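Trainee: Here it is, the structure in full.
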Amino acid sequence: MQTASGRLRASFLPNLRWVLTKIERIAVPLLLLAIWEAFSRSGALPQALLPPPSAVLYALADWMFGIDGSSQDYSGTWLRNAAASTLRVAAGFTVAAALGIVLGTAIGWSRVIEATVEPTLQMLRPIPPVSWIPLAIIWFGIADRPAIFLVFLGAFFPVLMNTIHGVKTIDRNLIRAGEMMGASERQLLTDIVVPAALPSIFAGLRIAVGSAWMLTVTAEMVAVKSGVGYVLWDSYYFLRYDMVIAAMVSIGLLGFLSDYGIKLLMARVLRWQRTTVRRGA
């Protein structure tokens, strides 16, 4: 029979392990922040050039909540700028994901489409998306559309290439089994090929959303007058490096949340994969 101390130990140890796991995850970031704070306040560099984390967090807090107006014209405007950037990312990413999955599936499945379409795409793929900025401004002007176009370019090719890879590398025995059961080509694609390629497709989506944030920030620095990237660039001109770093932190946070959303969707869609891994473990 288990004693009271044994029951207490059995309930305490899992909680202790959970706490230690969380501490391990934040230990290195906290250490880096402490080193940064100490170095910035040591006088080795002027704090105006390398603001300490405490100053950056204060600037970010004023930018978000309008505490005392220390971030000047941007005080209390974080939500508006974050929403503007998020909408551009969402628009460009959605179009890129839809087109990348459809075209990638077609290229991976059909040799005819692969032979006719893929060479052109492979010629376009090495061109850096930022090199399209002059044309994007000429074609779309100074507004949301050039930013959305650049986000689309940055997100499209990761989705496309991962979808092609996923379709081409599925287990051919699955296709043979479907053919033996009398499945049509459409049924093979929708019921076997695309579901089997989903892990690779989601990997492409996660890469693409990171690229989407990089490109929307780049576009906002040049072709748009709102958003987190615009605040970053404008703060640089006014030598507000605390706001520059606060904008960088904001971009990282928004990118993390976007990736986390895709991970949640992936976990929901690929429940069968998680079950298979557990059974095989």
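Residues are named by chain letter and number: chains run A, B, ... in the order of the structure tokens, numbers start at 1 in each chain, and ligands are numbered from 1 in the order shown.
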Excluding region 126-130 of chain A and its own-chain neighbours fewer than 2 positions away, which residues fall within 8 Å of it when counting only C-alpha atoms? Please give them as a ChimeraX atom specification.
Mentor: /A:122-124,132-133,150,153-154,215,218
Trainee: Give me, as a Markdown table, the closest atom pair and its distance (Å, one decimal) for every residue of region 133-218 of chain A within a cut-off of 9 Å of region 90-99 of chain A, counting only C-alpha atoms, rows sorted by chain and rising number.
Mentor:
```
| residue | atom | partner | partner_atom | distance |
| --- | --- | --- | --- | --- |
| A:Ala147 | CA | A:Gly92 | CA | 8.2 |
| A:Ile148 | CA | A:Gly92 | CA | 4.8 |
| A:Phe149 | CA | A:Gly92 | CA | 6.4 |
| A:Leu150 | CA | A:Gly92 | CA | 7.6 |
| A:Val151 | CA | A:Gly92 | CA | 5.0 |
| A:Phe152 | CA | A:Gly92 | CA | 4.4 |
| A:Leu153 | CA | A:Ala96 | CA | 7.4 |
| A:Gly154 | CA | A:Ala96 | CA | 8.5 |
| A:Ala155 | CA | A:Ala96 | CA | 5.8 |
| A:Phe156 | CA | A:Ala96 | CA | 4.4 |
| A:Phe157 | CA | A:Ala96 | CA | 8.1 |
| A:Val159 | CA | A:Ala97 | CA | 6.1 |
| A:Leu160 | CA | A:Leu99 | CA | 8.0 |
| A:Gly204 | CA | A:Ala97 | CA | 8.9 |
| A:Leu205 | CA | A:Ala97 | CA | 7.0 |
| A:Ala208 | CA | A:Phe93 | CA | 7.5 |
| A:Val209 | CA | A:Phe93 | CA | 6.8 |
| A:Ala212 | CA | A:Phe93 | CA | 6.5 |
```
Trainee: Taking N, CA and C atoms for each residue, export the selection above as a PDB file, in the first residue's frame.
Mentor:
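Saved the output as selection25.pdb:
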```pdb
ATOM      1  N   ALA A 147       3.434  45.395 -51.479  1.00  0.00           N
ATOM      2  CA  ALA A 147       3.846  44.583 -50.332  1.00  0.00           C
ATOM      3  C   ALA A 147       3.241  43.186 -50.422  1.00  0.00           C
ATOM      4  N   ILE A 148       1.977  43.108 -50.788  1.00  0.00           N
ATOM      5  CA  ILE A 148       1.324  41.798 -50.925  1.00  0.00           C
ATOM      6  C   ILE A 148       1.976  40.993 -52.039  1.00  0.00           C
ATOM      7  N   PHE A 149       2.326  41.660 -53.135  1.00  0.00           N
ATOM      8  CA  PHE A 149       2.989  40.982 -54.245  1.00  0.00           C
ATOM      9  C   PHE A 149       4.333  40.410 -53.807  1.00  0.00           C
ATOM     10  N   LEU A 150       5.110  41.180 -53.049  1.00  0.00           N
ATOM     11  CA  LEU A 150       6.403  40.701 -52.588  1.00  0.00           C
ATOM     12  C   LEU A 150       6.250  39.562 -51.587  1.00  0.00           C
ATOM     13  N   VAL A 151       5.259  39.653 -50.716  1.00  0.00           N
ATOM     14  CA  VAL A 151       4.992  38.552 -49.791  1.00  0.00           C
ATOM     15  C   VAL A 151       4.650  37.287 -50.565  1.00  0.00           C
ATOM     16  N   PHE A 152       3.825  37.443 -51.587  1.00  0.00           N
ATOM     17  CA  PHE A 152       3.475  36.296 -52.430  1.00  0.00           C
ATOM     18  C   PHE A 152       4.723  35.655 -53.035  1.00  0.00           C
ATOM     19  N   LEU A 153       5.624  36.464 -53.585  1.00  0.00           N
ATOM     20  CA  LEU A 153       6.843  35.923 -54.189  1.00  0.00           C
ATOM     21  C   LEU A 153       7.697  35.193 -53.165  1.00  0.00           C
ATOM     22  N   GLY A 154       7.801  35.759 -51.957  1.00  0.00           N
ATOM     23  CA  GLY A 154       8.628  35.126 -50.941  1.00  0.00           C
ATOM     24  C   GLY A 154       8.046  33.840 -50.409  1.00  0.00           C
ATOM     25  N   ALA A 155       6.718  33.734 -50.372  1.00  0.00           N
ATOM     26  CA  ALA A 155       6.074  32.552 -49.790  1.00  0.00           C
ATOM     27  C   ALA A 155       5.766  31.472 -50.823  1.00  0.00           C
ATOM     28  N   PHE A 156       5.669  31.834 -52.083  1.00  0.00           N
ATOM     29  CA  PHE A 156       5.207  30.893 -53.101  1.00  0.00           C
ATOM     30  C   PHE A 156       6.174  29.732 -53.314  1.00  0.00           C
ATOM     31  N   PHE A 157       7.441  30.021 -53.497  1.00  0.00           N
ATOM     32  CA  PHE A 157       8.369  28.963 -53.886  1.00  0.00           C
ATOM     33  C   PHE A 157       8.635  27.939 -52.784  1.00  0.00           C
ATOM     34  N   VAL A 159       6.436  26.831 -50.635  1.00  0.00           N
ATOM     35  CA  VAL A 159       5.257  25.956 -50.681  1.00  0.00           C
ATOM     36  C   VAL A 159       5.307  25.079 -51.932  1.00  0.00           C
ATOM     37  N   LEU A 160       5.637  25.686 -53.061  1.00  0.00           N
ATOM     38  CA  LEU A 160       5.690  24.943 -54.322  1.00  0.00           C
ATOM     39  C   LEU A 160       6.688  23.795 -54.252  1.00  0.00           C
ATOM     40  N   GLY A 204       6.584  23.231 -45.877  1.00  0.00           N
ATOM     41  CA  GLY A 204       6.712  24.363 -46.789  1.00  0.00           C
ATOM     42  C   GLY A 204       5.944  25.579 -46.306  1.00  0.00           C
ATOM     43  N   LEU A 205       4.775  25.367 -45.728  1.00  0.00           N
ATOM     44  CA  LEU A 205       3.978  26.482 -45.217  1.00  0.00           C
ATOM     45  C   LEU A 205       4.689  27.190 -44.062  1.00  0.00           C
ATOM     46  N   ALA A 208       7.422  29.192 -45.509  1.00  0.00           N
ATOM     47  CA  ALA A 208       6.854  30.298 -46.284  1.00  0.00           C
ATOM     48  C   ALA A 208       6.373  31.430 -45.395  1.00  0.00           C
ATOM     49  N   VAL A 209       5.792  31.127 -44.237  1.00  0.00           N
ATOM     50  CA  VAL A 209       5.274  32.208 -43.395  1.00  0.00           C
ATOM     51  C   VAL A 209       6.424  33.038 -42.828  1.00  0.00           C
ATOM     52  N   ALA A 212       7.416  35.232 -45.625  1.00  0.00           N
ATOM     53  CA  ALA A 212       6.388  36.253 -45.822  1.00  0.00           C
ATOM     54  C   ALA A 212       6.621  37.444 -44.898  1.00  0.00           C
TER      55      ALA A 212
END
```
Trainee: Just want the 12 Å neighbourhood of region 179-191 of chain A, counted on only C-alpha atoms, with same-chain residues fewer than 2 positions away dropped. Output as an MDAnalysis selection string.
Mentor: chainID A and resid 102 105:106 108:110 167 170 172:177 193:198
Trainee: Go ahead and write the selection's residues with N, CA and C atoms as a JSON list (two decimals), in the first residue's frame.
Mentor:
```
[["chain", "number", "residue", "atom", "x", "y", "z"],
["A", 102, "VAL", "N", -1.61, 23.85, -55.30],
["A", 102, "VAL", "CA", -2.26, 23.35, -56.52],
["A", 102, "VAL", "C", -1.23, 23.09, -57.61],
["A", 105, "THR", "N", 1.23, 20.22, -56.68],
["A", 105, "THR", "CA", 0.61, 18.90, -56.84],
["A", 105, "THR", "C", 0.55, 18.50, -58.30],
["A", 106, "ALA", "N", 0.19, 19.46, -59.17],
["A", 106, "ALA", "CA", 0.11, 19.16, -60.60],
["A", 106, "ALA", "C", 1.48, 18.81, -61.17],
["A", 108, "GLY", "N", 4.14, 17.67, -59.50],
["A", 108, "GLY", "CA", 4.61, 16.42, -58.94],
["A", 108, "GLY", "C", 3.89, 15.20, -59.48],
["A", 109, "TRP", "N", 2.65, 15.39, -59.94],
["A", 109, "TRP", "CA", 1.84, 14.26, -60.38],
["A", 109, "TRP", "C", 1.95, 14.02, -61.89],
["A", 110, "SER", "N", 2.04, 15.11, -62.67],
["A", 110, "SER", "CA", 2.00, 14.98, -64.13],
["A", 110, "SER", "C", 3.36, 15.30, -64.73],
["A", 167, "VAL", "N", 4.69, 15.18, -53.10],
["A", 167, "VAL", "CA", 3.95, 14.36, -54.06],
["A", 167, "VAL", "C", 4.87, 13.31, -54.69],
["A", 170, "ILE", "N", 5.92, 10.15, -52.13],
["A", 170, "ILE", "CA", 4.98, 9.31, -51.39],
["A", 170, "ILE", "C", 5.21, 7.84, -51.76],
["A", 172, "ARG", "N", 4.76, 4.59, -53.32],
["A", 172, "ARG", "CA", 4.05, 4.17, -54.54],
["A", 172, "ARG", "C", 3.11, 3.00, -54.29],
["A", 173, "ASN", "N", 3.35, 2.25, -53.23],
["A", 173, "ASN", "CA", 2.43, 1.15, -52.92],
["A", 173, "ASN", "C", 1.04, 1.66, -52.57],
["A", 174, "LEU", "N", 0.97, 2.88, -52.02],
["A", 174, "LEU", "CA", -0.34, 3.47, -51.74],
["A", 174, "LEU", "C", -1.11, 3.73, -53.02],
["A", 175, "ILE", "N", -0.39, 4.23, -54.04],
["A", 175, "ILE", "CA", -1.05, 4.50, -55.32],
["A", 175, "ILE", "C", -1.48, 3.18, -55.98],
["A", 176, "ARG", "N", -0.60, 2.19, -55.93],
["A", 176, "ARG", "CA", -0.96, 0.88, -56.51],
["A", 176, "ARG", "C", -2.18, 0.28, -55.81],
["A", 177, "ALA", "N", -2.23, 0.42, -54.50],
["A", 177, "ALA", "CA", -3.38, -0.11, -53.76],
["A", 177, "ALA", "C", -4.66, 0.61, -54.19],
["A", 193, "VAL", "N", -2.82, 10.94, -52.67],
["A", 193, "VAL", "CA", -1.61, 11.71, -52.94],
["A", 193, "VAL", "C", -1.51, 12.93, -52.03],
["A", 194, "VAL", "N", -2.55, 13.78, -52.04],
["A", 194, "VAL", "CA", -2.48, 15.01, -51.24],
["A", 194, "VAL", "C", -2.40, 14.71, -49.74],
["A", 195, "PRO", "N", -3.22, 13.82, -49.18],
["A", 195, "PRO", "CA", -3.06, 13.51, -47.75],
["A", 195, "PRO", "C", -1.66, 12.98, -47.40],
["A", 196, "ALA", "N", -1.09, 12.14, -48.27],
["A", 196, "ALA", "CA", 0.24, 11.59, -47.99],
["A", 196, "ALA", "C", 1.33, 12.66, -48.08],
["A", 197, "ALA", "N", 1.08, 13.71, -48.89],
["A", 197, "ALA", "CA", 2.07, 14.79, -49.06],
["A", 197, "ALA", "C", 1.91, 15.89, -48.03],
["A", 198, "LEU", "N", 0.89, 15.82, -47.18],
["A", 198, "LEU", "CA", 0.62, 16.92, -46.25],
["A", 198, "LEU", "C", 1.78, 17.24, -45.30]]
```
Trainee: Counting only C-alpha atoms, what is within 8 Å of Ser40 (chain A), bar same-chain residues fewer than 5 positions away, as a PyMOL selection string?
Mentor: chain A and resi 45-47+50-52
Trainee: Let me see the file: selected residues, C-alpha atoms, as a PDB file, in the first residue's frame.
Mentor:
```pdb
ATOM      1  CA  LEU A  45      29.064  51.911 -26.147  1.00  0.00           C
ATOM      2  CA  PRO A  46      26.699  54.876 -25.832  1.00  0.00           C
ATOM      3  CA  GLN A  47      23.257  53.691 -24.757  1.00  0.00           C
ATOM      4  CA  LEU A  50      22.902  50.069 -28.049  1.00  0.00           C
ATOM      5  CA  PRO A  51      19.871  50.562 -25.779  1.00  0.00           C
ATOM      6  CA  PRO A  52      19.604  48.105 -22.886  1.00  0.00           C
TER       7      PRO A  52
END
```
Trainee: Can you pull out the residues contacting Thr86 (chain A)? Cut-off 10 Å, using only C-alpha atoms, and skip same-chain residues under 5 positions away; I want them as a PDB file with all heavy atoms, in the first residue's frame.
Mentor:
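What follows is the written file part12.pdb:
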```pdb
ATOM      1  N   ARG A  80      -2.346  49.052 -34.461  1.00  0.00           N
ATOM      2  CA  ARG A  80      -2.689  49.453 -35.823  1.00  0.00           C
ATOM      3  C   ARG A  80      -1.606  49.036 -36.813  1.00  0.00           C
ATOM      4  O   ARG A  80      -1.904  48.509 -37.886  1.00  0.00           O
ATOM      5  CB  ARG A  80      -2.907  50.969 -35.874  1.00  0.00           C
ATOM      6  CG  ARG A  80      -3.338  51.461 -37.245  1.00  0.00           C
ATOM      7  CD  ARG A  80      -3.832  52.885 -37.189  1.00  0.00           C
ATOM      8  NE  ARG A  80      -2.753  53.848 -36.955  1.00  0.00           N
ATOM      9  CZ  ARG A  80      -2.642  54.592 -35.879  1.00  0.00           C
ATOM     10  NH1 ARG A  80      -3.524  54.493 -34.890  1.00  0.00           N
ATOM     11  NH2 ARG A  80      -1.648  55.454 -35.740  1.00  0.00           N
ATOM     12  N   ASN A  81      -0.341  49.260 -36.435  1.00  0.00           N
ATOM     13  CA  ASN A  81       0.758  48.884 -37.331  1.00  0.00           C
ATOM     14  C   ASN A  81       0.909  47.371 -37.443  1.00  0.00           C
ATOM     15  O   ASN A  81       1.157  46.849 -38.533  1.00  0.00           O
ATOM     16  CB  ASN A  81       2.061  49.506 -36.824  1.00  0.00           C
ATOM     17  CG  ASN A  81       2.142  50.990 -37.090  1.00  0.00           C
ATOM     18  OD1 ASN A  81       2.249  51.434 -38.225  1.00  0.00           O
ATOM     19  ND2 ASN A  81       2.069  51.785 -36.034  1.00  0.00           N
ATOM     20  N   ALA A  91      -2.703  38.136 -46.712  1.00  0.00           N
ATOM     21  CA  ALA A  91      -3.164  38.176 -48.101  1.00  0.00           C
ATOM     22  C   ALA A  91      -2.158  37.507 -49.038  1.00  0.00           C
ATOM     23  O   ALA A  91      -2.518  36.623 -49.833  1.00  0.00           O
ATOM     24  CB  ALA A  91      -3.400  39.624 -48.526  1.00  0.00           C
ATOM     25  N   ALA A 212       7.416  35.232 -45.625  1.00  0.00           N
ATOM     26  CA  ALA A 212       6.388  36.253 -45.822  1.00  0.00           C
ATOM     27  C   ALA A 212       6.621  37.444 -44.898  1.00  0.00           C
ATOM     28  O   ALA A 212       6.503  38.603 -45.319  1.00  0.00           O
ATOM     29  CB  ALA A 212       5.003  35.654 -45.579  1.00  0.00           C
ATOM     30  N   TRP A 213       6.969  37.182 -43.642  1.00  0.00           N
ATOM     31  CA  TRP A 213       7.231  38.283 -42.716  1.00  0.00           C
ATOM     32  C   TRP A 213       8.481  39.056 -43.112  1.00  0.00           C
ATOM     33  O   TRP A 213       8.519  40.287 -43.017  1.00  0.00           O
ATOM     34  CB  TRP A 213       7.355  37.759 -41.281  1.00  0.00           C
ATOM     35  CG  TRP A 213       6.015  37.630 -40.637  1.00  0.00           C
ATOM     36  CD1 TRP A 213       5.318  36.482 -40.385  1.00  0.00           C
ATOM     37  CD2 TRP A 213       5.178  38.696 -40.198  1.00  0.00           C
ATOM     38  NE1 TRP A 213       4.105  36.769 -39.822  1.00  0.00           N
ATOM     39  CE2 TRP A 213       3.996  38.117 -39.685  1.00  0.00           C
ATOM     40  CE3 TRP A 213       5.313  40.078 -40.181  1.00  0.00           C
ATOM     41  CZ2 TRP A 213       2.961  38.890 -39.173  1.00  0.00           C
ATOM     42  CZ3 TRP A 213       4.278  40.852 -39.666  1.00  0.00           C
ATOM     43  CH2 TRP A 213       3.122  40.251 -39.172  1.00  0.00           C
ATOM     44  N   THR A 216       7.379  41.286 -46.134  1.00  0.00           N
ATOM     45  CA  THR A 216       6.467  42.402 -45.859  1.00  0.00           C
ATOM     46  C   THR A 216       7.195  43.528 -45.131  1.00  0.00           C
ATOM     47  O   THR A 216       6.944  44.710 -45.378  1.00  0.00           O
ATOM     48  CB  THR A 216       5.240  41.940 -45.052  1.00  0.00           C
ATOM     49  OG1 THR A 216       4.235  42.945 -45.120  1.00  0.00           O
ATOM     50  CG2 THR A 216       5.566  41.679 -43.595  1.00  0.00           C
ATOM     51  N   GLY A 227       2.728  50.017 -40.940  1.00  0.00           N
ATOM     52  CA  GLY A 227       3.192  48.680 -40.615  1.00  0.00           C
ATOM     53  C   GLY A 227       4.441  48.709 -39.744  1.00  0.00           C
ATOM     54  O   GLY A 227       5.084  49.739 -39.548  1.00  0.00           O
ATOM     55  N   VAL A 228       4.786  47.541 -39.213  1.00  0.00           N
ATOM     56  CA  VAL A 228       5.922  47.424 -38.305  1.00  0.00           C
ATOM     57  C   VAL A 228       7.224  47.745 -39.022  1.00  0.00           C
ATOM     58  O   VAL A 228       8.117  48.393 -38.459  1.00  0.00           O
ATOM     59  CB  VAL A 228       5.960  46.008 -37.702  1.00  0.00           C
ATOM     60  CG1 VAL A 228       7.156  45.866 -36.755  1.00  0.00           C
ATOM     61  CG2 VAL A 228       4.674  45.703 -36.941  1.00  0.00           C
ATOM     62  N   ILE A 251       8.356  42.022 -34.805  1.00  0.00           N
ATOM     63  CA  ILE A 251       8.361  41.155 -35.985  1.00  0.00           C
ATOM     64  C   ILE A 251       8.587  39.709 -35.576  1.00  0.00           C
ATOM     65  O   ILE A 251       7.913  38.786 -36.062  1.00  0.00           O
ATOM     66  CB  ILE A 251       9.446  41.615 -36.985  1.00  0.00           C
ATOM     67  CG1 ILE A 251       9.096  43.000 -37.531  1.00  0.00           C
ATOM     68  CG2 ILE A 251       9.597  40.609 -38.124  1.00  0.00           C
ATOM     69  CD1 ILE A 251      10.274  43.702 -38.173  1.00  0.00           C
ATOM     70  N   LEU A 254       5.323  38.415 -33.904  1.00  0.00           N
ATOM     71  CA  LEU A 254       4.262  38.156 -34.878  1.00  0.00           C
ATOM     72  C   LEU A 254       4.583  36.947 -35.741  1.00  0.00           C
ATOM     73  O   LEU A 254       3.705  36.138 -36.060  1.00  0.00           O
ATOM     74  CB  LEU A 254       4.051  39.398 -35.751  1.00  0.00           C
ATOM     75  CG  LEU A 254       3.476  40.625 -35.027  1.00  0.00           C
ATOM     76  CD1 LEU A 254       3.565  41.860 -35.911  1.00  0.00           C
ATOM     77  CD2 LEU A 254       2.034  40.377 -34.607  1.00  0.00           C
ATOM     78  N   GLY A 255       5.850  36.817 -36.131  1.00  0.00           N
ATOM     79  CA  GLY A 255       6.250  35.639 -36.895  1.00  0.00           C
ATOM     80  C   GLY A 255       6.097  34.373 -36.093  1.00  0.00           C
ATOM     81  O   GLY A 255       5.651  33.337 -36.625  1.00  0.00           O
ATOM     82  N   SER A 258       2.442  33.434 -35.955  1.00  0.00           N
ATOM     83  CA  SER A 258       1.991  32.899 -37.244  1.00  0.00           C
ATOM     84  C   SER A 258       2.427  31.449 -37.398  1.00  0.00           C
ATOM     85  O   SER A 258       1.640  30.585 -37.802  1.00  0.00           O
ATOM     86  CB  SER A 258       2.557  33.744 -38.385  1.00  0.00           C
ATOM     87  OG  SER A 258       2.163  35.088 -38.277  1.00  0.00           O
TER      88      SER A 258
END
```
Trainee: Give me, as a list in words, all polymer residues having an atom no more than 12 Å from Leu253 (chain A), counting only C-alpha atoms and skipping those fewer than 3 positions away in the same chain.
Mentor: Ala82, Thr86, Gly210, Trp213, Val228, Ala246, Ala247, Met248, Val249, Ser250, Phe256, Leu257, Ser258, Asp259 and Tyr260 of chain A
Trainee: Please produce an output containing all heavy atoms for each residue in the selection, written as a compact mmCIF listing (two decimals), in the first residue's frame.
Mentor:
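The file below, part_1.txt, is the result:
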```txt
# COMPACT_ATOMS: atom_id res chain seq x y z
N ALA A 82 0.74 46.67 -36.33
CA ALA A 82 0.83 45.20 -36.36
C ALA A 82 -0.29 44.61 -37.22
O ALA A 82 -0.08 43.65 -37.97
CB ALA A 82 0.78 44.64 -34.95
N THR A 86 0.13 42.36 -40.53
CA THR A 86 -0.47 41.02 -40.51
C THR A 86 -1.41 40.81 -41.68
O THR A 86 -1.44 39.73 -42.29
CB THR A 86 -1.22 40.81 -39.18
OG1 THR A 86 -0.31 40.96 -38.09
CG2 THR A 86 -1.84 39.42 -39.13
N GLY A 210 7.58 32.40 -42.58
CA GLY A 210 8.74 33.17 -42.16
C GLY A 210 9.23 34.09 -43.26
O GLY A 210 9.54 35.27 -43.02
N TRP A 213 6.97 37.18 -43.64
CA TRP A 213 7.23 38.28 -42.72
C TRP A 213 8.48 39.06 -43.11
O TRP A 213 8.52 40.29 -43.02
CB TRP A 213 7.35 37.76 -41.28
CG TRP A 213 6.01 37.63 -40.64
CD1 TRP A 213 5.32 36.48 -40.39
CD2 TRP A 213 5.18 38.70 -40.20
NE1 TRP A 213 4.11 36.77 -39.82
CE2 TRP A 213 4.00 38.12 -39.69
CE3 TRP A 213 5.31 40.08 -40.18
CZ2 TRP A 213 2.96 38.89 -39.17
CZ3 TRP A 213 4.28 40.85 -39.67
CH2 TRP A 213 3.12 40.25 -39.17
N VAL A 228 4.79 47.54 -39.21
CA VAL A 228 5.92 47.42 -38.31
C VAL A 228 7.22 47.75 -39.02
O VAL A 228 8.12 48.39 -38.46
CB VAL A 228 5.96 46.01 -37.70
CG1 VAL A 228 7.16 45.87 -36.75
CG2 VAL A 228 4.67 45.70 -36.94
N ALA A 246 12.67 47.49 -30.75
CA ALA A 246 11.30 47.13 -30.38
C ALA A 246 10.52 46.64 -31.60
O ALA A 246 9.72 45.69 -31.50
CB ALA A 246 10.59 48.34 -29.76
N ALA A 247 10.75 47.25 -32.76
CA ALA A 247 10.10 46.78 -33.99
C ALA A 247 10.61 45.40 -34.38
O ALA A 247 9.84 44.54 -34.83
CB ALA A 247 10.35 47.78 -35.12
N MET A 248 11.91 45.16 -34.21
CA MET A 248 12.47 43.84 -34.49
C MET A 248 11.85 42.78 -33.58
O MET A 248 11.50 41.68 -34.03
CB MET A 248 13.99 43.88 -34.32
CG MET A 248 14.70 44.74 -35.34
SD MET A 248 16.44 45.03 -34.94
CE MET A 248 17.10 43.36 -35.03
N VAL A 249 11.70 43.12 -32.29
CA VAL A 249 11.05 42.19 -31.35
C VAL A 249 9.61 41.92 -31.78
O VAL A 249 9.13 40.78 -31.73
CB VAL A 249 11.09 42.77 -29.92
CG1 VAL A 249 10.24 41.93 -28.97
CG2 VAL A 249 12.53 42.85 -29.42
N SER A 250 8.92 42.95 -32.22
CA SER A 250 7.53 42.80 -32.66
C SER A 250 7.43 41.86 -33.86
O SER A 250 6.53 41.02 -33.93
CB SER A 250 6.93 44.17 -33.01
OG SER A 250 6.95 45.02 -31.90
N PHE A 256 6.46 34.42 -34.82
CA PHE A 256 6.31 33.25 -33.95
C PHE A 256 4.84 32.84 -33.84
O PHE A 256 4.49 31.65 -33.92
CB PHE A 256 6.88 33.54 -32.57
CG PHE A 256 6.56 32.50 -31.54
CD1 PHE A 256 7.28 31.31 -31.49
CD2 PHE A 256 5.54 32.71 -30.62
CE1 PHE A 256 6.97 30.35 -30.54
CE2 PHE A 256 5.23 31.75 -29.68
CZ PHE A 256 5.96 30.56 -29.63
N LEU A 257 3.96 33.81 -33.64
CA LEU A 257 2.53 33.51 -33.51
C LEU A 257 1.97 32.93 -34.81
O LEU A 257 1.13 32.02 -34.78
CB LEU A 257 1.77 34.77 -33.12
CG LEU A 257 2.06 35.31 -31.71
CD1 LEU A 257 1.32 36.63 -31.48
CD2 LEU A 257 1.66 34.29 -30.65
N SER A 258 2.44 33.43 -35.95
CA SER A 258 1.99 32.90 -37.24
C SER A 258 2.43 31.45 -37.40
O SER A 258 1.64 30.59 -37.80
CB SER A 258 2.56 33.74 -38.39
OG SER A 258 2.16 35.09 -38.28
N ASP A 259 3.69 31.17 -37.08
CA ASP A 259 4.19 29.81 -37.17
C ASP A 259 3.47 28.90 -36.19
O ASP A 259 3.14 27.75 -36.51
CB ASP A 259 5.70 29.80 -36.90
CG ASP A 259 6.28 28.40 -36.96
OD1 ASP A 259 6.39 27.86 -38.08
OD2 ASP A 259 6.63 27.84 -35.91
N TYR A 260 3.17 29.40 -35.00
CA TYR A 260 2.47 28.60 -34.00
C TYR A 260 1.06 28.25 -34.48
O TYR A 260 0.57 27.14 -34.24
CB TYR A 260 2.41 29.36 -32.68
CG TYR A 260 1.84 28.56 -31.54
CD1 TYR A 260 2.52 27.48 -31.01
CD2 TYR A 260 0.60 28.90 -30.98
CE1 TYR A 260 1.99 26.75 -29.96
CE2 TYR A 260 0.06 28.19 -29.94
CZ TYR A 260 0.76 27.11 -29.42
OH TYR A 260 0.22 26.37 -28.38
```
Trainee: Can you list, as JSON, numbers by chain, all residues belonging to region 45-218 of chain A that DSSP tags as helix (DSSP H, G or I)?
Mentor: {"A": [53, 54, 55, 56, 57, 58, 59, 60, 61, 62, 63, 64, 65, 72, 73, 74, 78, 79, 80, 81, 82, 83, 84, 85, 86, 87, 88, 89, 90, 91, 92, 93, 94, 95, 96, 97, 98, 99, 100, 101, 102, 103, 104, 105, 106, 107, 108, 109, 111, 112, 113, 114, 115, 116, 117, 118, 119, 120, 121, 122, 123, 124, 129, 130, 131, 132, 133, 134, 135, 136, 137, 138, 139, 140, 144, 145, 146, 147, 148, 149, 150, 151, 152, 153, 154, 155, 156, 157, 158, 159, 160, 161, 162, 163, 164, 165, 166, 167, 168, 172, 173, 174, 175, 176, 177, 178, 179, 180, 185, 186, 187, 188, 189, 190, 191, 192, 193, 194, 195, 196, 197, 198, 199, 200, 201, 202, 203, 204, 205, 206, 207, 208, 209, 210, 211, 212, 213, 214, 215, 216, 217, 218]}
